[in-house]
Structures are given as C-alpha cells and as structure tokens.
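**Q** Supplied in structure tokens, the structure appears directly below.
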There are 2 protein chains.
Amino acid sequence: MQIKLEQKVLQAIRKVVGKKNINLHEPSFTNLEFEHLQKCIKSGYVSSIGSYVTTFENKLKMITKAKYVIPVVNGTAALHVSLRALDILPNDEILIPSLTFIATANAVAYVNAIPHFVDIEEQTLGIDPFKLRNYLKKIVISKNKFSFNKMTGRRIRCLIPLHTFGHACNILELKKVASEFNLLIVEDAAEALGSSFKGKQLGTFGDFGALSFNGNKIITTGGGGAVLTNNIILAKRALKLSSTAKLKHDWEFIHDEIGFNYRMPNINAALGCAQLEKLDKFIKDKRNLYQKYEEEFKCFNNLYLFKEPQFAKSNYWLNTIILSNSAKYKKNSILKYTNLNGIRTRPAWKLMSTLKPYKNTPKSDLRVSKSLYDRIINIPSSHFLNNS
Amino acid sequence: MQIKLEQKVLQAIRKVVGKKNINLHEPSFTNLEFEHLQKCIKSGYVSSIGSYVTTFENKLKMITKAKYVIPVVNGTAALHVSLRALDILPNDEILIPSLTFIATANAVAYVNAIPHFVDIEEQTLGIDPFKLRNYLKKIVISKNKFSFNKMTGRRIRCLIPLHTFGHACNILELKKVASEFNLLIVEDAAEALGSSFKGKQLGTFGDFGALSFNGNKIITTGGGGAVLTNNIILAKRALKLSSTAKLKHDWEFIHDEIGFNYRMPNINAALGCAQLEKLDKFIKDKRNLYQKYEEEFKCFNNLYLFKEPQFAKSNYWLNTIILSNSAKYKKNSILKYTNLNGIRTRPAWKLMSTLKPYKNTPKSDLRVSKSLYDRIINIPSSHFLNNS
C-alpha cells in the first residue's frame, strides 16, 4: 500500500523531533535569564530607564555591527518608528512584499502611507529585484528626483524588503534598484537576527533595519524589537520619536513633535541580555536542525526543504518545506494531518494583497507570491529540537 | 533673618522623607516579584500568551470591578486602542484637558483626530464640567444627534477626562455633560489605579478607562497599561485591535482590519501580579505619606498641599503643592533649589496647547489650566517614604 504524502511528511518530521507534541517555535530559558531578571529587580529599574537597556543595545551593536541600536517594545514599533524617522508622508507609496506578516503593511498604514505590493522570488522568498526594476521602469515617472507612480500620481518613497523566515533576500541587488529610483530602505529583519548576506548582518544594509524579539523569535525579550541604523542623524531621530519626542530638560515636559511610547522596558532588556549570550548556540543548533530535516526530506520528489540562498548564512529561524506544483493541492491536508497528530505546522501568511484592509492598494503581478503561498509549510524549528 | 520659601519647602519635605537623595517616585520590589518572574520563566511563556496575563486581567477585574480588562503594552496604547475601538474618525475633535501628559493628546493624533483643549478646575485638577457645558452650549451645533463645532465644522465625538495625579475629576457631572452632547468618554486613569469616586473605581465610569503601569506608577509591570470597559462589544473589539486584528483560525493568518501589536507580554504581567498583591498596602502608605506632608505644609500661607476632592478617595499617586498667586513667581526657584539639594520635584506638564504639535488646535479659555501650571509642584511620593 502506498503511503500518503501527509503521512510521509509527518514521519519525516517525527524522525527529527521525536514522539512528543511539538510546537512550531518555543523559546528556551536557563538560570541565566532568572539571574538577570533578579539583578534587574534588585536595581529597582524595571521601566524604560535602566542599565540593561544600554547593555542590550551594546550587545546588539557587537552582534550586528550596526553603529546605532534603539531597543523598542516590538518589531511593529521598530518598523513604525523607522518610517516616521524617514519622514514618510501621508499618501506616499511604500513597496513591500505581499508575502509578509501583517506588521509590515500595518506600519505603513500607521504613517498614513499606502502599501504597494511587489512580487518575490523562489530562490530567496524575498522581493525579486529584477522583476521590481522592470516593474518600476514601467510605472515610475521621475519628478524632482523623486519617483512617482504614473497610475496613482503618488510618490513612491521607500522599499521594505523582508528577510523571510530568517533567510536573506537579495538585498544588494535591491539596494541598487532602490538607488536607481531614489527609494529609502527599511529592512524588515524581524526574523533574521544573526543571519547575514556576504558576511554582513541582515538589518544593516538599509537606512534602517527592524528586529523583533517576540516569544517566537530566535531570541526573546517577552515582547520587544530594535531599530538598527548606521546613520547618526536617523538614530537620534528614531530614539527621540520612540521616547515621546521629549526634549532634554531637568524637569520640564517639552515635546516638539508627535512621538511614541516605544522604549523597551529594562525588565525585558534583562531577559534579552541573557538570551543574547546564547545566540551563537541557538544559531548553531538551528543550522544543525536544518541538516537533520534535510536528511529526511531529501528523498521527497514532490517537495523540498528551503535552503539558505547563495551568499547568505541563515539563522534558519523557521524551517520551510515547499511543495511542488503537482503536490500543492495537498497543502491543507498536510497542515491538518500534522496538526492533528501533535506536530504544529503552519502555512505562510495569507498574502497581504488578499486581506480586507489592503486588497484595494496598488500591486504588481504577484504570481510567484501566490504560488509560494500555495506551497509553503513551516515546520517545527525550536533550537532544542536539534537535541531530541 | 527670614527663611526663604525655597528653604522652607525643602525643610518641610526633608522632615517627612529624611536626609537621603529622594526621587519623585520609585517602585519597590520584594521576593514576591522574583518568585513570579521565576515561575513565568519556568513556564516557558514570556510573550503575549501565558497564564500571568490572564491572572493579571482577573486581579484587575477584582480590584476595579470592571467587567472586562485588556492588558496592553502601556497607557498610551490603552488610550489609542480605546479611541480606535470607539470608531473615532479622522478629523473628529476630541475634548481633552490642556494640563495632561502628552500621551493623551498623542493618542488622539494617532487616530488622525484633533485634540480640542478645555479648561480644568482647581478643586479636582480635572476638566471643569460646568465650564465645559457652557463652552459647548456656545460652540456646538447639533446635526443628526451628533455635536459639531460651529467654528471648524468638525464633529466633536469624545471626551477624555484625566484623573490628575490620582485624584478623581468630577466624573459624574462630566458624564452628564457628555450625555447632553452625545459624547463618548475615555477616562484617562493612567495615574489613578485604586482611586475611587463615590465608592466606584476610577476608569470604570466611561465607555473605556485607560490605566498605566509604567515604572513611575503606583504599581508597575516595567512597561504596561490596561483598557477597562463594562461593554462586552467594546471589550471584544479592543482585544481584537490590540492583537493585530487576527481572526481565530488554527493556522491561517487572517486579519480583517488594521490592528496593533499591543498585547502585554506574560513576563510583564508576572511582575504586575506580584505588584497588585501589594496595591492595598501601597495606597495605605501613600495616604499616610500625604498626612505627614499635610502636617508639615499646613502652616504655610503661600501654598497648600492638594487634598483629595470631595467624594473622592485618592491613591495619592503624586503629592502636589500649589502655590498661591502671590508666590507663583517662586515656582522655578523652588524647583531649582529642591532638585539641587537632592529632592526631586517637578512642575506639572507644560500645557498641551503651548506645545509645537498642538498649539494650533482648537481650545477654550484655559485660564485655570494656565494658573495651575504656574503654581503646581509635585513632590516625592514613593510609598516607602512613609516609613522613613
């Protein structure tokens, strides 16, 4: 009797992760987290002022080589404050992938700008730079050095490439395109802490990079994120905007623009400091986990395990199987079967261009995004599964 | 030789708080906080899902008697999500006091509405309901049951009264005015957890109430806030909006409107659970501290210590001295002298109507706000100062 694809996928995952019920991604903690939290409590500083925030900042600078780091409450806030610091104006169009978490699109909406969805490529799961260039050549008219969308008359001002599931998009080629069309870049590196492209850490290629430390990310601060930049003016502006735009004064409350309450609390930074000490190990574990999955999945001929793109070194935050066209009709039954059997799997996010709040905003041809949404399944990827 | 007012104020404070350098407000922690944080870490749940968030919610329900509580990342987020949940529209005018923290005005700006500043009263430091009624009678024209501002043509949709420094404003009279002009109410109870008016907890009178648990508040979660409401429909909507508007599904990511990443992380809720167990003690201590200050300040004839308004029971979050008109020219020198001598004091916030982002928005006559800004000095109020 032939074994069904659903069963084969479950068996392959089970061989790697063992017999227990397994979540998609879980954080792991040791005494180190508790020690830092205890120190933080003893210091009396748990809120937005405190030495752990500074230590966390400095550790992130060391790891990413970004010149400036501003820890914030979450990845969404990191994207939002980046766009505000870049003076994105209401009705500017911002190019983003359609296959992304809703935070990317929402951050654009928060500044009253318009997400404009562009297609991705199968090699990186990120924005396709060549397709983007051709698309912009068709739709852009240049005025006063800015790019305007011929169809809508709106300025196209910024590009937000996502490093999907921790894998680098073709960021260098995207930078070229951005430069040709005078676009700013905010890298959505929410999932990509510790990943690199040609040896340079993700999140440090653009005008800003945004990280997330949500509970499901490679390291967690409970809730948290960070803004990365190498530009001192942008760094100062992002810091100010994330701290209610309050000007320095010994006692007066003077705010000269509309800012946000986005600073990361010290208690969350304390947790993050402990987690960052383990980042190298987490990445090593996750790369090993990928290898184990690769062993199990290499014999499948109707799906493949996504591998880090050329020139990229991935943190393998979330392992991904991609069904062939002939097997994509099985996606939902594989999801159902694995979830029913205690293995948490999930599809890619629904394309932003299909969701109610964004279905009427501009978009390019999205055939690769649609195809990948139909074929992607994420599988359990906690670093400790490597040891099971 | 006559002793200067600056010296007399310093001496009065020193008699209560002792000889050390003293901050304006500091949190205090014991083993209980460690224990809860340790449990939280051991559970593996530090992010927006976890049992501490539910426990924190339930404890707040018990304390405030609000039917529904949604813990969020901070007080600003609580105000913002409340306004969105009430469907405040762009260009609606929202009535707020000019004497408030910038978060109140910013939350209005975040929904693209317009803050409209109204005056406060000396008895409560909150919005003056009688002056408000007279003002609205003059400027409002009613159309389709809504109130419109005759001068600007914009709809006036909501009132955000602040319970300043933990003292109840005249919320029942304000509710009457709101009802007469068909205005929604969001209570800014950021500073007022545990305070009540006629026996009812602040934050539970309006359509929504917003609490803050920032490091300087009566209890802290590091960073945090909560939305209170007694209306199940509003509660569901606020919860949804604070959780990226994601619809329930076993694995798909479907969001049917633009939401926020505002849920309080479990680790912050764990800290909050420990703190809430001490709330009664904190309030008792702070009411005692007020009494001690009252002893020292009662003999002054050119200032007075602000006392909880009639029918109100205050948490005395922040003690406040108010200079007489004849002594107000001394405000800055008292601030300088006390701060130079290791006693942290501060003025009230600069009036919103004088700050760059808000100086051109509508306002009523603000003479009491201006007068109080010129005369208010906040003095150290940590609960443990009661024991020194």
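Residues in the structure tokens are numbered from 1 in each chain, the chains being A, B, ... in the order shown, and ligands are numbered from 1 in the order shown.
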What are the closest atom pairs, with distances in Å to one decimal, for all residues of chain A lying within 6 Å of chain B? Consider only C-alpha atoms, order rows by chain and residue number, and present the result as a Markdown table.
**A**
| residue | atom | partner | partner_atom | distance |
| --- | --- | --- | --- | --- |
| A:Val46 | CA | B:Gly222 | CA | 4.7 |
| A:Ser47 | CA | B:Gly222 | CA | 4.2 |
| A:Gly215 | CA | B:Ser47 | CA | 4.8 |
| A:Gly222 | CA | B:Ser47 | CA | 4.2 |
| A:Gly223 | CA | B:Pro265 | CA | 5.6 |
| A:Trp251 | CA | B:Arg346 | CA | 5.4 |
| A:Phe253 | CA | B:Trp349 | CA | 5.3 |
| A:Asp256 | CA | B:Lys356 | CA | 5.2 |
| A:Glu257 | CA | B:Pro357 | CA | 5.2 |
| A:Pro265 | CA | B:Gly222 | CA | 5.5 |
| A:Arg346 | CA | B:Trp251 | CA | 5.4 |
| A:Trp349 | CA | B:Phe253 | CA | 5.3 |
| A:Lys350 | CA | B:Phe253 | CA | 5.8 |
| A:Lys356 | CA | B:Asp256 | CA | 5.2 |
| A:Pro357 | CA | B:Glu257 | CA | 5.2 |
**Q** Pull N, CA and C atoms from the residues just selected and write them as a PDB file, in the first residue's frame.
**A**
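The resulting selection.pdb:
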ATOM      1  N   VAL A  46      13.010  48.925  36.341  1.00  0.00           N
ATOM      2  CA  VAL A  46      12.350  47.919  35.503  1.00  0.00           C
ATOM      3  C   VAL A  46      11.752  48.537  34.247  1.00  0.00           C
ATOM      4  N   SER A  47      11.699  49.852  34.220  1.00  0.00           N
ATOM      5  CA  SER A  47      10.998  50.549  33.144  1.00  0.00           C
ATOM      6  C   SER A  47      11.978  51.054  32.090  1.00  0.00           C
ATOM      7  N   GLY A 215       8.092  36.293  21.479  1.00  0.00           N
ATOM      8  CA  GLY A 215       8.318  34.972  22.082  1.00  0.00           C
ATOM      9  C   GLY A 215       8.679  33.889  21.084  1.00  0.00           C
ATOM     10  N   GLY A 222      10.374  38.683  25.669  1.00  0.00           N
ATOM     11  CA  GLY A 222       8.953  38.700  26.018  1.00  0.00           C
ATOM     12  C   GLY A 222       8.224  39.368  24.874  1.00  0.00           C
ATOM     13  N   GLY A 223       8.229  40.670  24.882  1.00  0.00           N
ATOM     14  CA  GLY A 223       7.876  41.458  23.706  1.00  0.00           C
ATOM     15  C   GLY A 223       9.014  42.425  23.495  1.00  0.00           C
ATOM     16  N   TRP A 251      13.526  69.240  34.374  1.00  0.00           N
ATOM     17  CA  TRP A 251      12.209  68.908  34.926  1.00  0.00           C
ATOM     18  C   TRP A 251      11.026  69.219  34.022  1.00  0.00           C
ATOM     19  N   PHE A 253       8.443  69.238  30.871  1.00  0.00           N
ATOM     20  CA  PHE A 253       7.978  68.291  29.858  1.00  0.00           C
ATOM     21  C   PHE A 253       7.742  69.050  28.560  1.00  0.00           C
ATOM     22  N   ASP A 256       8.419  68.480  21.103  1.00  0.00           N
ATOM     23  CA  ASP A 256       8.247  69.393  19.963  1.00  0.00           C
ATOM     24  C   ASP A 256       7.666  68.731  18.728  1.00  0.00           C
ATOM     25  N   GLU A 257       7.315  67.433  18.846  1.00  0.00           N
ATOM     26  CA  GLU A 257       6.579  66.784  17.762  1.00  0.00           C
ATOM     27  C   GLU A 257       5.833  65.586  18.339  1.00  0.00           C
ATOM     28  N   PRO A 265      11.222  48.328  27.975  1.00  0.00           N
ATOM     29  CA  PRO A 265      11.457  48.366  29.424  1.00  0.00           C
ATOM     30  C   PRO A 265      12.715  47.590  29.822  1.00  0.00           C
ATOM     31  N   ARG A 346       2.440  25.314   9.994  1.00  0.00           N
ATOM     32  CA  ARG A 346       1.560  26.406   9.557  1.00  0.00           C
ATOM     33  C   ARG A 346       1.913  26.805   8.120  1.00  0.00           C
ATOM     34  N   TRP A 349       1.956  33.335   5.714  1.00  0.00           N
ATOM     35  CA  TRP A 349       0.881  34.312   5.940  1.00  0.00           C
ATOM     36  C   TRP A 349       0.053  34.452   4.666  1.00  0.00           C
ATOM     37  N   LYS A 350      -1.225  34.674   4.864  1.00  0.00           N
ATOM     38  CA  LYS A 350      -2.062  34.978   3.695  1.00  0.00           C
ATOM     39  C   LYS A 350      -1.499  36.224   3.023  1.00  0.00           C
ATOM     40  N   LYS A 356      -8.643  42.090   3.707  1.00  0.00           N
ATOM     41  CA  LYS A 356      -9.624  43.170   3.570  1.00  0.00           C
ATOM     42  C   LYS A 356      -8.989  44.578   3.623  1.00  0.00           C
ATOM     43  N   PRO A 357      -8.133  44.860   4.631  1.00  0.00           N
ATOM     44  CA  PRO A 357      -7.657  46.253   4.695  1.00  0.00           C
ATOM     45  C   PRO A 357      -6.723  46.645   3.555  1.00  0.00           C
TER      46      PRO A 357
END
**Q** From a DSSP calculation on the backbone, collect every residue of region 191-237 of chain A in strand (DSSP E) and output the set as a list in words.
**A**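 Written out, the strand (DSSP E) residues of region 191-237 of chain A are Ser196, Phe197, Lys200, Gln201, Phe208, Gly209, Ala210, Leu211, Ser212, Gly225, Ala226, Val227, Leu228 and Thr229 of chain A.
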**Q** Write a file of the just-selected residues containing N, CA and C atoms, as a PDB file, in the first residue's frame.
**A**
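Result written to part.pdb:
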ATOM      1  N   SER A 196      23.148  36.558   7.849  1.00  0.00           N
ATOM      2  CA  SER A 196      23.989  37.521   7.128  1.00  0.00           C
ATOM      3  C   SER A 196      23.931  37.292   5.621  1.00  0.00           C
ATOM      4  N   PHE A 197      24.383  38.285   4.885  1.00  0.00           N
ATOM      5  CA  PHE A 197      24.496  38.185   3.425  1.00  0.00           C
ATOM      6  C   PHE A 197      25.881  38.693   3.059  1.00  0.00           C
ATOM      7  N   LYS A 200      27.763  40.211   5.942  1.00  0.00           N
ATOM      8  CA  LYS A 200      27.246  41.394   6.638  1.00  0.00           C
ATOM      9  C   LYS A 200      25.886  41.044   7.236  1.00  0.00           C
ATOM     10  N   GLN A 201      25.699  41.435   8.493  1.00  0.00           N
ATOM     11  CA  GLN A 201      24.473  41.071   9.210  1.00  0.00           C
ATOM     12  C   GLN A 201      23.241  41.707   8.591  1.00  0.00           C
ATOM     13  N   PHE A 208      17.343  51.912   7.657  1.00  0.00           N
ATOM     14  CA  PHE A 208      17.027  51.318   8.962  1.00  0.00           C
ATOM     15  C   PHE A 208      16.849  49.818   8.795  1.00  0.00           C
ATOM     16  N   GLY A 209      17.051  49.087   9.882  1.00  0.00           N
ATOM     17  CA  GLY A 209      16.670  47.683   9.940  1.00  0.00           C
ATOM     18  C   GLY A 209      15.814  47.499  11.182  1.00  0.00           C
ATOM     19  N   ALA A 210      14.824  46.610  11.092  1.00  0.00           N
ATOM     20  CA  ALA A 210      13.925  46.365  12.231  1.00  0.00           C
ATOM     21  C   ALA A 210      14.040  44.910  12.672  1.00  0.00           C
ATOM     22  N   LEU A 211      14.291  44.715  13.972  1.00  0.00           N
ATOM     23  CA  LEU A 211      14.363  43.366  14.544  1.00  0.00           C
ATOM     24  C   LEU A 211      13.155  43.129  15.444  1.00  0.00           C
ATOM     25  N   SER A 212      12.820  41.860  15.661  1.00  0.00           N
ATOM     26  CA  SER A 212      11.765  41.504  16.621  1.00  0.00           C
ATOM     27  C   SER A 212      12.301  40.477  17.611  1.00  0.00           C
ATOM     28  N   GLY A 225      11.653  44.664  20.292  1.00  0.00           N
ATOM     29  CA  GLY A 225      12.192  44.835  18.957  1.00  0.00           C
ATOM     30  C   GLY A 225      13.341  45.812  19.023  1.00  0.00           C
ATOM     31  N   ALA A 226      13.962  46.075  17.887  1.00  0.00           N
ATOM     32  CA  ALA A 226      15.026  47.074  17.862  1.00  0.00           C
ATOM     33  C   ALA A 226      15.122  47.693  16.485  1.00  0.00           C
ATOM     34  N   VAL A 227      15.530  48.940  16.495  1.00  0.00           N
ATOM     35  CA  VAL A 227      15.817  49.671  15.269  1.00  0.00           C
ATOM     36  C   VAL A 227      17.330  49.705  15.110  1.00  0.00           C
ATOM     37  N   LEU A 228      17.832  49.348  13.945  1.00  0.00           N
ATOM     38  CA  LEU A 228      19.268  49.419  13.645  1.00  0.00           C
ATOM     39  C   LEU A 228      19.504  50.495  12.584  1.00  0.00           C
ATOM     40  N   THR A 229      20.578  51.216  12.731  1.00  0.00           N
ATOM     41  CA  THR A 229      20.973  52.149  11.668  1.00  0.00           C
ATOM     42  C   THR A 229      22.452  52.486  11.813  1.00  0.00           C
TER      43      THR A 229
END
**Q** If I take CA of Asp280 (chain B) and CA of Leu162 (chain B), how far is one from the other in Å, to one decimal?
**A**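 According to the coordinates, CA of Asp280 (chain B) and CA of Leu162 (chain B) are separated by 22.3 Å.
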**Q** List as a PDB file with N, CA and C atoms, in the first residue's frame the protein and nucleic acid residues near Lys284 (chain B), meaning an atom at most 9 Å away when only C-alpha atoms are counted, but skip any in the same chain fewer than 5 places from it.
**A**
ATOM      1  N   LEU B 279      -1.014  46.304  46.286  1.00  0.00           N
ATOM      2  CA  LEU B 279      -1.664  47.583  45.978  1.00  0.00           C
ATOM      3  C   LEU B 279      -2.309  48.215  47.210  1.00  0.00           C
ATOM      4  N   LEU B 289       1.529  58.979  53.794  1.00  0.00           N
ATOM      5  CA  LEU B 289       2.548  59.944  53.383  1.00  0.00           C
ATOM      6  C   LEU B 289       1.918  61.315  53.183  1.00  0.00           C
ATOM      7  N   ASN B 315      -5.545  57.577  45.502  1.00  0.00           N
ATOM      8  CA  ASN B 315      -4.360  56.752  45.776  1.00  0.00           C
ATOM      9  C   ASN B 315      -3.170  57.643  46.136  1.00  0.00           C
ATOM     10  N   HIS B 383       5.790  55.138  47.920  1.00  0.00           N
ATOM     11  CA  HIS B 383       5.032  54.655  49.082  1.00  0.00           C
ATOM     12  C   HIS B 383       5.932  54.452  50.300  1.00  0.00           C
TER      13      HIS B 383
END
**Q** Considering only C-alpha atoms, can you say which of A:Ala274, A:Leu95, A:Ala269, A:Leu305 comes closest to Val72 (chain A)?
**A**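 Using only C-alpha atoms, Val72 (chain A) sits closest to A:Ala269.
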**Q** Pull the alpha helix (DSSP H) assignments for region 193-250 of chain A out of DSSP run on the backbone, and list those residues as a count of residues only.
**A** 11
**Q** Write out as a list in words which residues come within 7 Å of region 5-9 of chain B when counting only C-alpha atoms, dropping same-chain ones fewer than 2 positions away.
**A**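 Everything that qualifies: Ile3, Gln11, Ala12, Ile13, Ser333, Ile334 and Tyr337 of chain B.
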**Q** Could you name the residues that touch Lys331 (chain B) at 8 Å or less, counting only C-alpha atoms, but leaving out those on the same chain fewer than 5 positions away, as a list in words?
**A**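 So, after excluding close chain neighbours, the residues are Leu323, Asp374, Arg375, Ile376 and Ile377 of chain B.
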**Q** Residues as selected, N, CA and C atoms, written as a JSON list (two decimals), in the first residue's frame, can you do that?
**A**
[["chain", "number", "residue", "atom", "x", "y", "z"],
["B", 323, "LEU", "N", 1.11, 76.67, 44.77],
["B", 323, "LEU", "CA", 1.49, 77.99, 45.28],
["B", 323, "LEU", "C", 0.32, 78.95, 45.16],
["B", 374, "ASP", "N", 1.27, 77.33, 36.42],
["B", 374, "ASP", "CA", 2.21, 78.29, 37.03],
["B", 374, "ASP", "C", 2.45, 78.02, 38.51],
["B", 375, "ARG", "N", 1.59, 77.20, 39.14],
["B", 375, "ARG", "CA", 1.62, 77.11, 40.59],
["B", 375, "ARG", "C", 1.86, 75.70, 41.13],
["B", 376, "ILE", "N", 1.80, 74.68, 40.28],
["B", 376, "ILE", "CA", 1.91, 73.30, 40.76],
["B", 376, "ILE", "C", 3.37, 72.84, 40.87],
["B", 377, "ILE", "N", 3.68, 72.21, 41.97],
["B", 377, "ILE", "CA", 4.95, 71.49, 42.13],
["B", 377, "ILE", "C", 4.66, 70.12, 42.71]]
**Q** To one decimal place, how far is CA of Ile171 (chain B) from CA of Asn288 (chain B) in Å?
**A** 25.2 Å
**Q** Near Lys20 (chain B), within 10 Å and counting only C-alpha atoms, which residues show up once chain neighbours fewer than 2 positions away are dropped, as number ranges by chain?
**A** B: 14, 17-18, 22-23, 341-343, 388
**Q** Would you save the residues from that selection as a tab-separated table (two decimals), in the first residue's frame, using N, CA and C atoms?
**A**
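Wrote selection_27.tsv, looks like this:
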chain	number	residue	atom	x	y	z
B	14	ARG	N	11.99	67.47	53.71
B	14	ARG	CA	13.04	66.71	54.41
B	14	ARG	C	12.53	66.13	55.72
B	17	VAL	N	10.71	62.96	54.52
B	17	VAL	CA	11.39	61.90	53.77
B	17	VAL	C	12.80	61.60	54.26
B	18	GLY	N	13.31	62.40	55.19
B	18	GLY	CA	14.65	62.12	55.72
B	18	GLY	C	15.74	62.80	54.93
B	22	ILE	N	16.26	61.89	47.23
B	22	ILE	CA	14.96	61.23	47.06
B	22	ILE	C	14.41	61.50	45.67
B	23	ASN	N	14.01	60.43	44.99
B	23	ASN	CA	13.38	60.56	43.68
B	23	ASN	C	11.91	60.96	43.80
B	341	ASN	N	19.28	70.24	45.85
B	341	ASN	CA	19.52	69.69	47.18
B	341	ASN	C	19.06	68.24	47.33
B	342	GLY	N	18.96	67.55	46.20
B	342	GLY	CA	18.74	66.11	46.27
B	342	GLY	C	17.29	65.68	46.46
B	343	ILE	N	16.39	66.62	46.38
B	343	ILE	CA	14.97	66.27	46.43
B	343	ILE	C	14.38	66.51	45.05
B	388	SER	N	10.11	56.38	56.40
B	388	SER	CA	11.46	56.87	56.68
B	388	SER	C	11.48	57.74	57.93
**Q** I'd like the contact shell of Phe130 (chain B) - 12 Å cut-off, only C-alpha atoms, skipping same-chain residues fewer than 4 positions apart - returned as a PyMOL selection string.
**A** chain B and resi 118-121+126+134-137+170-178
**Q** Using Å and a single decimal, report how far CA of Ser195 (chain A) sits from CA of Lys313 (chain A).
**A**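 Distance between the two atoms: 5.6 Å.
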